[in-house]
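**Student:** Got entry.txt for you, compact mmCIF, C-alpha atoms:
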```txt
# COMPACT_ATOMS: atom_id res chain seq x y z
CA MET A 67 -44.83 -21.45 -23.59
CA THR A 68 -45.37 -19.90 -20.16
CA ALA A 69 -45.00 -16.20 -19.31
CA ILE A 70 -41.85 -16.75 -17.25
CA GLN A 71 -40.20 -18.50 -20.20
CA ILE A 72 -40.84 -15.48 -22.40
CA ILE A 73 -39.40 -13.13 -19.77
CA LEU A 74 -36.30 -15.31 -19.31
CA PHE A 75 -35.72 -15.63 -23.07
CA LEU A 76 -35.93 -11.86 -23.43
CA ALA A 77 -33.52 -11.37 -20.52
CA LEU A 78 -30.99 -13.80 -22.00
CA GLY A 79 -31.35 -12.23 -25.44
CA LEU A 80 -30.75 -8.78 -23.99
CA ALA A 81 -27.67 -10.02 -22.07
CA ALA A 82 -26.26 -11.47 -25.29
CA LEU A 83 -26.93 -8.24 -27.17
CA ILE A 84 -25.27 -6.05 -24.56
CA TYR A 85 -22.35 -8.42 -24.35
CA MET A 86 -21.74 -8.39 -28.09
CA ARG A 87 -22.15 -4.65 -28.44
CA ASN A 88 -20.15 -3.42 -25.46
CA LEU A 89 -17.74 -6.03 -24.18
CA ARG A 90 -14.90 -7.51 -26.13
CA PRO A 91 -13.02 -9.82 -23.79
CA ARG A 92 -10.54 -12.49 -24.72
CA LEU A 93 -11.46 -15.73 -26.45
CA VAL A 94 -11.81 -17.68 -23.19
CA GLY A 95 -14.36 -15.15 -21.97
CA ARG A 96 -16.38 -15.36 -25.19
CA VAL A 97 -16.48 -19.13 -25.26
CA ALA A 98 -17.49 -19.22 -21.59
CA PHE A 99 -20.21 -16.65 -22.23
CA PHE A 100 -21.77 -18.58 -25.10
CA VAL A 101 -21.60 -21.89 -23.25
CA VAL A 102 -23.44 -20.33 -20.29
CA LEU A 103 -25.91 -18.62 -22.63
CA ALA A 104 -26.68 -21.85 -24.48
CA ALA A 105 -27.12 -23.69 -21.18
CA GLY A 106 -29.47 -20.93 -20.02
CA LEU A 107 -31.60 -21.14 -23.17
CA VAL A 108 -31.87 -24.93 -22.90
CA MET A 109 -32.83 -24.78 -19.22
CA VAL A 110 -35.55 -22.22 -19.90
CA ALA A 111 -36.91 -24.15 -22.86
CA ARG A 112 -36.77 -27.59 -21.26
CA PRO A 113 -36.90 -27.36 -17.43
CA ASP A 114 -37.27 -31.14 -17.23
CA TRP A 115 -33.77 -31.54 -18.75
CA ALA A 116 -32.38 -29.35 -15.98
CA ASN A 117 -34.06 -31.68 -13.47
CA ALA A 118 -32.51 -34.72 -15.11
CA VAL A 119 -29.04 -33.15 -15.00
CA ALA A 120 -29.61 -32.17 -11.35
CA HIS A 121 -30.54 -35.74 -10.44
CA PHE A 122 -27.43 -36.98 -12.17
CA PHE A 123 -25.34 -34.72 -9.89
CA GLY A 124 -27.30 -35.76 -6.81
CA VAL A 125 -29.24 -32.50 -6.51
CA GLY A 126 -33.00 -32.60 -5.95
CA ARG A 127 -34.21 -29.97 -8.41
CA GLY A 128 -32.87 -28.26 -11.51
CA ALA A 129 -33.47 -24.86 -9.94
CA ASP A 130 -31.22 -25.79 -7.00
CA LEU A 131 -28.46 -26.92 -9.32
CA VAL A 132 -28.67 -23.61 -11.19
CA THR A 133 -28.45 -21.70 -7.90
CA TYR A 134 -25.38 -23.63 -6.73
CA LEU A 135 -23.57 -23.23 -10.04
CA GLY A 136 -24.57 -19.58 -10.25
CA LEU A 137 -23.21 -18.81 -6.80
CA SER A 138 -19.91 -20.60 -7.35
CA GLY A 139 -19.59 -18.94 -10.74
CA SER A 140 -20.22 -15.50 -9.24
CA ALA A 141 -17.61 -16.08 -6.56
CA LEU A 142 -15.01 -17.03 -9.18
CA LEU A 143 -15.90 -14.00 -11.29
CA TRP A 144 -15.60 -11.77 -8.25
CA LEU A 145 -12.13 -13.08 -7.53
CA ALA A 146 -11.05 -12.66 -11.14
CA THR A 147 -12.37 -9.10 -11.16
CA TYR A 148 -10.60 -8.34 -7.90
CA SER A 149 -7.35 -9.66 -9.22
CA ARG A 150 -7.73 -7.67 -12.43
CA GLN A 151 -8.51 -4.53 -10.47
CA ARG A 152 -5.41 -5.05 -8.33
CA GLU A 153 -3.36 -5.34 -11.52
CA LEU A 154 -4.82 -2.11 -12.88
CA GLU A 155 -4.15 -0.34 -9.59
CA GLU A 156 -0.53 -1.39 -9.76
CA LYS A 157 -0.19 -0.10 -13.31
CA LEU A 158 -1.88 3.15 -12.38
CA THR A 159 0.44 3.54 -9.40
CA GLU A 160 3.51 2.93 -11.54
CA LEU A 161 2.29 5.44 -14.11
CA SER A 162 1.62 8.09 -11.46
CA ARG A 163 5.01 7.38 -9.91
CA GLN A 164 6.87 7.88 -13.17
CA LEU A 165 4.92 11.07 -13.82
CA ALA A 166 5.73 12.41 -10.34
CA ILE A 167 9.41 11.60 -10.79
CA LEU A 168 9.52 13.20 -14.26
CA GLU A 169 7.96 16.38 -12.96
CA ALA A 170 9.94 16.49 -9.72
CA GLU A 171 11.17 19.89 -8.67
CA LYS A 172 14.74 19.92 -7.40
CA PRO A 173 15.98 22.22 -4.62
CA ASN A 174 17.86 24.55 -6.96
CA SER A 175 15.31 24.66 -9.78
CA ALA A 176 13.26 27.83 -10.24
CA LYS A 177 9.93 28.12 -8.49
CA LYS A 178 6.88 27.75 -10.66
CA MET B 280 27.56 10.70 16.89
CA ALA B 281 27.08 13.43 14.28
CA LEU B 282 27.51 13.11 10.53
CA SER B 283 29.56 15.57 8.49
CA PRO B 284 27.69 18.00 6.21
CA ALA B 285 28.79 16.02 3.14
CA GLN B 286 27.52 12.80 4.68
CA ARG B 287 24.20 14.41 5.51
CA LYS B 288 23.73 15.57 1.91
CA SER B 289 24.03 11.95 0.80
CA VAL B 290 21.28 10.96 3.24
CA TYR B 291 17.85 11.28 1.62
CA LEU B 292 14.88 11.63 3.93
CA THR B 293 11.85 10.27 2.11
CA ILE B 294 8.63 11.76 3.38
CA PRO B 295 5.11 10.93 2.14
CA ALA B 296 2.66 13.73 2.89
CA TYR B 297 -1.12 13.67 2.63
CA ASP B 298 -3.07 16.70 3.82
CA GLU B 299 -0.25 17.82 6.12
CA GLY B 300 -0.35 21.50 5.10
CA GLN B 301 -0.76 22.63 8.71
CA VAL B 302 2.44 21.08 10.02
CA ILE B 303 4.63 20.16 7.08
CA ARG B 304 6.88 23.24 7.17
CA GLU B 305 7.38 22.87 10.90
CA THR B 306 8.33 19.21 10.43
CA LEU B 307 10.73 19.92 7.60
CA GLN B 308 12.60 22.95 8.91
CA PRO B 309 14.84 21.13 11.43
CA LEU B 310 15.59 18.46 8.80
CA LEU B 311 16.64 21.01 6.19
CA ALA B 312 18.56 23.05 8.75
CA ALA B 313 20.51 19.92 9.67
CA GLY B 314 21.57 19.64 6.02
CA TYR B 315 19.90 16.40 4.95
CA SER B 316 18.53 15.98 1.44
CA VAL B 317 14.78 15.95 1.73
CA VAL B 318 12.29 14.38 -0.70
CA VAL B 319 8.62 15.03 -0.07
CA VAL B 320 5.92 13.32 -2.11
CA ASP B 321 2.59 15.05 -1.85
CA ASP B 322 0.17 12.16 -2.24
CA GLY B 323 -2.60 14.05 -3.99
CA SER B 324 -3.48 16.18 -0.96
CA SER B 325 -6.71 18.14 -1.02
CA ASP B 326 -5.18 20.91 1.10
CA ASP B 327 -2.24 23.25 0.39
CA THR B 328 0.52 20.75 1.27
CA TYR B 329 2.19 21.07 -2.13
CA ALA B 330 2.21 24.89 -2.03
CA GLN B 331 3.65 24.80 1.50
CA LEU B 332 6.66 22.93 0.12
CA ALA B 333 7.65 25.72 -2.26
CA GLY B 334 10.94 27.53 -1.77
CA LEU B 335 12.16 25.30 1.05
CA GLY B 336 15.12 23.87 -0.82
CA LEU B 337 13.87 20.33 -1.06
CA HIS B 338 12.84 17.84 -3.72
CA ARG B 339 9.15 18.29 -4.30
CA LEU B 340 7.05 15.61 -6.01
CA ARG B 341 3.36 15.19 -6.45
CA HIS B 342 1.06 12.26 -7.20
CA PRO B 343 -1.77 13.26 -9.54
CA PHE B 344 -4.25 11.77 -7.07
CA ASN B 345 -4.19 10.03 -3.72
CA LEU B 346 -2.62 6.58 -3.91
CA GLY B 347 -1.75 5.80 -0.30
CA GLN B 348 1.18 6.14 2.05
CA GLY B 349 3.01 3.05 0.84
CA ALA B 350 2.83 4.24 -2.78
CA ALA B 351 4.08 7.73 -1.89
CA LEU B 352 6.94 6.28 0.13
CA GLN B 353 7.99 4.08 -2.78
CA THR B 354 7.86 7.04 -5.17
CA ALA B 355 10.09 9.05 -2.81
CA VAL B 356 12.58 6.20 -2.48
CA SER B 357 12.70 5.45 -6.23
CA TYR B 358 13.32 9.12 -6.89
CA ALA B 359 16.00 9.43 -4.17
CA LEU B 360 17.85 6.41 -5.54
CA GLY B 361 17.74 8.02 -8.97
CA GLN B 362 19.34 11.12 -7.47
CA GLY B 363 22.23 9.03 -6.19
CA ALA B 364 21.33 8.78 -2.52
CA ASP B 365 23.76 6.76 -0.38
CA TYR B 366 21.33 6.32 2.47
CA ILE B 367 17.54 6.40 2.63
CA VAL B 368 15.60 7.32 5.75
CA HIS B 369 11.83 6.91 5.97
CA PHE B 370 10.35 9.75 7.94
CA ASP B 371 6.79 10.80 8.81
CA ALA B 372 5.40 14.17 7.78
CA ASP B 373 3.28 14.77 10.87
CA GLY B 374 6.17 15.79 13.12
CA GLN B 375 6.10 12.77 15.41
CA HIS B 376 9.70 11.72 14.77
CA ASP B 377 12.72 13.39 16.29
CA ALA B 378 15.06 15.05 13.76
CA ALA B 379 17.93 14.83 16.25
CA GLY B 380 17.67 11.03 16.23
CA ILE B 381 18.45 10.57 12.53
CA ASP B 382 22.24 10.39 12.82
CA ASP B 383 21.92 7.72 15.51
CA LEU B 384 19.57 5.74 13.30
CA LEU B 385 22.21 5.82 10.55
CA ALA B 386 25.19 4.93 12.76
CA PRO B 387 24.89 1.13 12.40
CA LEU B 388 24.74 1.51 8.58
CA LEU B 389 27.83 3.71 8.46
CA ALA B 390 29.64 1.25 10.70
CA GLY B 391 28.67 -1.56 8.35
CA ASP B 392 26.84 -3.46 11.10
CA ALA B 393 23.49 -3.60 9.31
CA ASP B 394 21.73 -2.96 5.98
CA VAL B 395 18.53 -1.72 7.58
CA VAL B 396 17.84 0.04 10.87
CA LEU B 397 14.25 -0.05 12.13
CA GLY B 398 13.02 2.47 14.67
CA SER B 399 11.32 1.06 17.74
CA ARG B 400 9.49 2.83 20.53
CA PHE B 401 9.60 -0.28 22.73
CA LEU B 402 13.31 -0.56 23.44
CA ARG B 403 13.60 2.16 26.08
CA GLU B 404 11.22 2.53 28.97
CA ALA B 405 10.94 6.30 28.55
CA ASP B 406 9.88 5.84 24.90
CA TRP B 407 7.10 3.36 25.48
CA LEU B 408 5.81 5.19 28.51
CA ALA B 409 5.19 8.11 26.15
CA VAL B 410 2.88 5.93 24.02
CA PRO B 411 -0.81 6.26 24.97
CA ARG B 412 -2.09 3.11 26.62
CA GLU B 413 -4.65 2.00 23.97
CA ARG B 414 -2.06 2.62 21.31
CA ARG B 415 0.43 0.44 23.16
CA ILE B 416 -1.96 -2.50 23.11
CA LEU B 417 -2.74 -2.00 19.44
CA LEU B 418 0.94 -1.77 18.54
CA LYS B 419 1.73 -4.95 20.40
CA LEU B 420 -1.09 -6.73 18.57
CA ALA B 421 0.42 -5.44 15.33
CA VAL B 422 3.75 -6.93 16.38
CA VAL B 423 2.12 -10.35 16.78
CA VAL B 424 0.28 -10.17 13.42
CA ASN B 425 3.43 -8.94 11.72
CA GLY B 426 5.49 -11.70 13.30
CA LEU B 427 3.02 -14.42 12.29
CA LEU B 428 2.81 -13.17 8.71
CA THR B 429 6.49 -12.50 8.10
CA GLY B 430 8.36 -14.69 10.56
CA LEU B 431 10.32 -11.66 11.68
CA TRP B 432 9.66 -10.73 15.29
CA LEU B 433 10.22 -7.05 15.85
CA SER B 434 9.51 -5.11 19.02
CA ASP B 435 7.66 -2.41 17.05
CA ALA B 436 6.11 -3.38 13.73
CA HIS B 437 4.60 -0.07 12.69
CA ASN B 438 7.26 2.52 13.35
CA GLY B 439 7.66 4.95 10.44
CA ALA B 440 11.34 5.68 11.11
CA ARG B 441 13.64 3.38 9.15
CA ALA B 442 17.09 3.76 7.61
CA PHE B 443 18.48 1.82 4.66
CA THR B 444 21.74 1.62 2.78
CA ARG B 445 21.39 2.35 -0.92
CA GLU B 446 21.73 -1.36 -1.75
CA ALA B 447 19.09 -2.39 0.78
CA ALA B 448 16.63 0.29 -0.34
CA SER B 449 16.94 -0.72 -3.97
CA LYS B 450 16.07 -4.33 -3.08
CA ILE B 451 12.76 -3.33 -1.52
CA MET B 452 9.82 -2.66 -3.79
CA LEU B 453 6.52 -1.76 -2.14
CA ARG B 454 3.42 -2.91 -3.96
CA GLU B 455 1.10 -2.38 -1.03
CA ASN B 456 -0.19 1.15 -1.53
CA GLY B 457 -1.98 1.54 1.78
CA PHE B 458 -0.71 1.23 5.32
CA ALA B 459 0.13 -2.45 5.09
CA HIS B 460 3.53 -1.50 3.69
CA ALA B 461 5.09 -1.76 7.15
CA THR B 462 4.54 -5.50 7.06
CA GLU B 463 5.59 -5.66 3.43
CA ILE B 464 8.92 -4.05 4.30
CA THR B 465 9.47 -6.59 7.06
CA GLN B 466 8.61 -9.38 4.64
CA GLN B 467 11.09 -8.19 2.03
CA ILE B 468 13.84 -7.64 4.60
CA ARG B 469 13.49 -11.32 5.36
CA GLN B 470 13.20 -12.49 1.76
CA GLN B 471 16.20 -10.43 0.67
CA ARG B 472 18.14 -11.61 3.73
CA LEU B 473 19.02 -8.06 4.72
CA ARG B 474 20.85 -7.56 8.00
CA TYR B 475 18.63 -5.44 10.24
CA ILE B 476 18.70 -4.08 13.74
CA GLU B 477 16.18 -2.19 15.81
CA HIS B 478 17.08 1.14 17.27
CA PRO B 479 15.25 3.07 19.98
CA THR B 480 13.31 6.11 18.75
CA ARG B 481 11.22 8.61 20.55
CA ILE B 482 7.78 9.37 19.15
CA ARG B 483 6.08 12.61 20.02
CA TYR B 484 2.34 12.16 20.44
CA THR B 485 0.73 15.51 19.79
CA ASP B 486 -2.98 16.12 19.42
CA TYR B 487 -2.33 16.63 15.73
CA SER B 488 -0.39 13.41 15.19
CA GLN B 489 -3.01 11.51 17.18
CA PHE B 490 -5.73 12.95 15.02
CA LYS B 491 -3.86 12.42 11.74
CA GLY B 492 -2.29 9.12 12.72
CA GLN B 493 -3.82 5.77 12.13
CA LYS B 494 -7.08 5.17 13.88
CA ALA B 495 -7.51 1.96 15.77
CA SER B 496 -10.31 0.96 13.40
CA ASN B 497 -7.86 1.13 10.55
CA ALA B 498 -6.01 -1.82 12.04
CA VAL B 499 -8.83 -4.02 10.76
CA ASN B 500 -8.33 -2.65 7.25
CA ILE B 501 -4.63 -3.32 7.38
CA LEU B 502 -5.24 -6.84 8.59
CA ILE B 503 -7.69 -7.56 5.76
CA ASP B 504 -5.28 -6.09 3.19
CA LEU B 505 -2.56 -8.34 4.50
CA LEU B 506 -4.69 -11.47 4.49
CA ILE B 507 -6.02 -10.85 0.98
CA ARG B 508 -2.49 -10.18 -0.17
CA ARG B 509 -1.35 -13.41 1.36
CA PHE B 510 -3.94 -15.55 -0.38
CA ILE B 511 -4.67 -13.82 -3.67
CA ARG B 512 -1.92 -13.41 -6.20
```
Let me see the file written as C-alpha cells.
**Tutor:**
Amino acid sequence: MTAIQIILFLALGLAALIYMRNLRPRLVGRVAFFVVLAAGLVMVARPDWANAVAHFFGVGRGADLVTYLGLSGSALLWLATYSRQRELEEKLTELSRQLAILEAEKPNSAKK
Amino acid sequence: MALSPAQRKSVYLTIPAYDEGQVIRETLQPLLAAGYSVVVVDDGSSDDTYAQLAGLGLHRLRHPFNLGQGAALQTAVSYALGQGADYIVHFDADGQHDAAGIDDLLAPLLAGDADVVLGSRFLREADWLAVPRERRILLKLAVVVNGLLTGLWLSDAHNGARAFTREAASKIMLRENGFAHATEITQQIRQQRLRYIEHPTRIRYTDYSQFKGQKASNAVNILIDLLIRRFIR
C-alpha cells in the first residue's frame, strides 16, 4: 500500500465519521453518500479498476473520470443547496412577516 | 380630482423603510396631513427609523432583521389588506414621490378603468427631463429587460409609485425580497390578467434620494436575481 492510499483512506474514513455523527439527511442523501463512499474506497484500493471504467466511458485515465464526475456532482450539489437556501429564505421571510403583522402598532394604540 | 376624507382613509399607503431616519418624518407628514392611512414597515433598519415613526398616527411595523425592499413592501400590503384597505398605494420612503399626485394615481381605479395604475416618469417631457441623464439610460435599459422577461412593455419599469384596487393587490404575492420585485409585479399583473394603465408621475431627485436610491451597479444584481429566478425553481 502506498502513502497516498493511506492518506486517502483516512480522509474517506473521516468524511464518513463526520457524516454519520453530524448530518442526518433524508434516505436519498444517505444512499447517495454511501454509494459515493464505496466507489471512493474501491478507486483508492484498486486504481486499475478506475482506469478500466474510464476506458469503458471513453475517458483516458481513471483520475480524469473522477475529476469530471466530481465537478458535475459538485455543480448539482451547489444547485440543490441554492434551491434549499431559497426555500429557507422564503420561510424565514414569511415568519418575520407574520411576526411584524402580529406586533403592528396601530395609529390609536398607546405608545410603547 | 380630490378624494373625500372618507375615501382617503380607505387608501393605504404602503411604505417600506430601511435606514431612512433622516427623512422619514418629512416624507410622511404631507401624507398624514392629507388624511391617507399610512403603513410603514421598518425593514430592520440600523438607524432610528422605527423610533422616528412613533406618535405620528400611522401603522408601524418592524421586521426583526433586514429582508429587502420587496419583502417589506409585501408585509405592508398584507397588513393593509388585513386592515380592510380598499386601495393600496406603493410609495417610497425617501421623499422622491409627490404626495399631491396620489389622488390622480387613484382616479382610474375609482372610475373602474383599471385594476392597477403604474407611475411613469417617461410620459411627460417635464418629468423625464428631471431625471439625471445616466439614470435615464439605465431606466430605459431596465424597461427593455423587464419587457423581455415579462412580455409587458412599460415606459418606466422601476417606478416605486403604484396604485392597486383591493382585489388586484390581493392577487399579487411578492416572493422576490430584493429590488427585483418591480419586475415580479409586472409579471404577476400579466399572469393575473389585471387591467393596468401607466400614469405620469414626477420624481424629485434630491442629493439624499440619489445617495439612498439604487446605484447603477445594483442593476447587475437585479438582473442576476431575475435570471436565476427565471431558470431555477
**Student:** Counting all atoms listed in the file, give me one row per residue of chain A with an atom at most 8 Å from an atom of chain B, showing the shortest contact pair and its distance in Å to one decimal, sorted by chain then residue number, as a Markdown table.
**Tutor:**
```
| residue | atom | partner | partner_atom | distance |
| --- | --- | --- | --- | --- |
| A:Ser149 | CA | B:Arg512 | CA | 7.3 |
| A:Glu156 | CA | B:Arg454 | CA | 7.2 |
| A:Thr159 | CA | B:Leu346 | CA | 7.0 |
| A:Ser162 | CA | B:His342 | CA | 6.0 |
| A:Arg163 | CA | B:Thr354 | CA | 5.5 |
| A:Leu165 | CA | B:His342 | CA | 7.8 |
| A:Ala166 | CA | B:Arg341 | CA | 5.3 |
| A:Ile167 | CA | B:Tyr358 | CA | 6.1 |
| A:Glu169 | CA | B:Leu340 | CA | 7.1 |
| A:Ala170 | CA | B:Leu340 | CA | 4.8 |
| A:Glu171 | CA | B:Arg339 | CA | 5.1 |
| A:Lys172 | CA | B:His338 | CA | 4.6 |
| A:Pro173 | CA | B:Gly336 | CA | 4.2 |
| A:Asn174 | CA | B:Gly336 | CA | 6.8 |
| A:Lys177 | CA | B:Gly334 | CA | 6.8 |
```
**Student:** Counting only C-alpha atoms, which of B:Val302, B:Leu307, B:Ala459, B:Ala442 gets nearest to B:Asn500?
**Tutor:**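 Using only C-alpha atoms, the shortest distance to B:Asn500 belongs to B:Ala459.
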**Student:** How many Å separate atom CA of A:Gly95 from atom CA of A:Asn117?
**Tutor:**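 Pair atom CA of A:Gly95 / atom CA of A:Asn117 returns 27.1 Å.
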**Student:** So, counting all atoms listed in the file, which residue among A:Ala77, A:Ala129, A:Leu135, A:Leu103 is closest to A:Ala116?
**Tutor:**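 That would be A:Ala129, the residue with the smallest distance to A:Ala116.
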**Student:** With only C-alpha atoms as the basis for distance, which of B:Thr480, B:Ser449, B:Gln467, B:Asn425 is at the shortest distance from B:Ile501?
**Tutor:** B:Asn425
**Student:** One number please: atom CA of B:Val499 to atom CA of B:Gly457, in Å, one decimal.
**Tutor:** 12.6 Å
**Student:** I'd like the interatomic distance between atom CA of A:His121 and atom CA of A:Ala98, to a tenth of an Å.
**Tutor:**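 Computing it gives 23.8 Å between the two atoms.
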**Student:** Would you mind listing what lies within 12 Å of A:Met109 as a VMD selection string, with all atoms listed in the file counted and same-chain residues fewer than 4 positions away left out?
**Tutor:** chain A and resid 71 74 to 75 78 102 to 105 113 to 120 128 to 129 131 to 132
**Student:** Quick one: residues within 9 Å of B:Leu418, all atoms listed in the file counted, chain neighbours fewer than 3 positions away excluded, as a PyMOL selection string?
**Tutor:** chain B and resi 413-415+421-423+435-437
**Student:** Could you give me, as a list in words, the residues within 7 Å of B:Leu352, counting only C-alpha atoms and dropping anything in the same chain fewer than 3 positions from it?
**Tutor:** Thr293, Ile294, Pro295, Gln348, Gly349, Ala355 and Val356 of chain B
**Student:** Rank B:Phe401, B:Ala386, B:Leu506, B:Leu453 by their smallest atom-to-atom distance to B:Met280, using all atoms listed in the file, and report the top residue only.
**Tutor:** B:Ala386
**Student:** Out of B:Leu282, B:Asp504, B:Asp377, B:Glu446, which residue has the shortest atom-to-atom distance to B:Asp406 when counting all atoms listed in the file?
**Tutor:**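 Once distances to B:Asp406 are computed over all atoms listed in the file, the minimum belongs to B:Asp377.
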**Student:** Find the spatial neighbours of B:Ala281, counting all atoms listed in the file, within a cut-off of 10 Å - ignore same-chain residues fewer than 5 positions away - and output them as an NGL selection string.
**Tutor:** :B and (286-287 or 379-383 or 385-386)
**Student:** Pick the closest to B:Ile416 from B:Ala498, B:Thr429, B:Tyr291, B:Leu311: which is it, counting all atoms listed in the file?
**Tutor:**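 Of B:Ala498, B:Thr429, B:Tyr291, B:Leu311, the one nearest B:Ile416, counting all atoms listed in the file, is B:Ala498.
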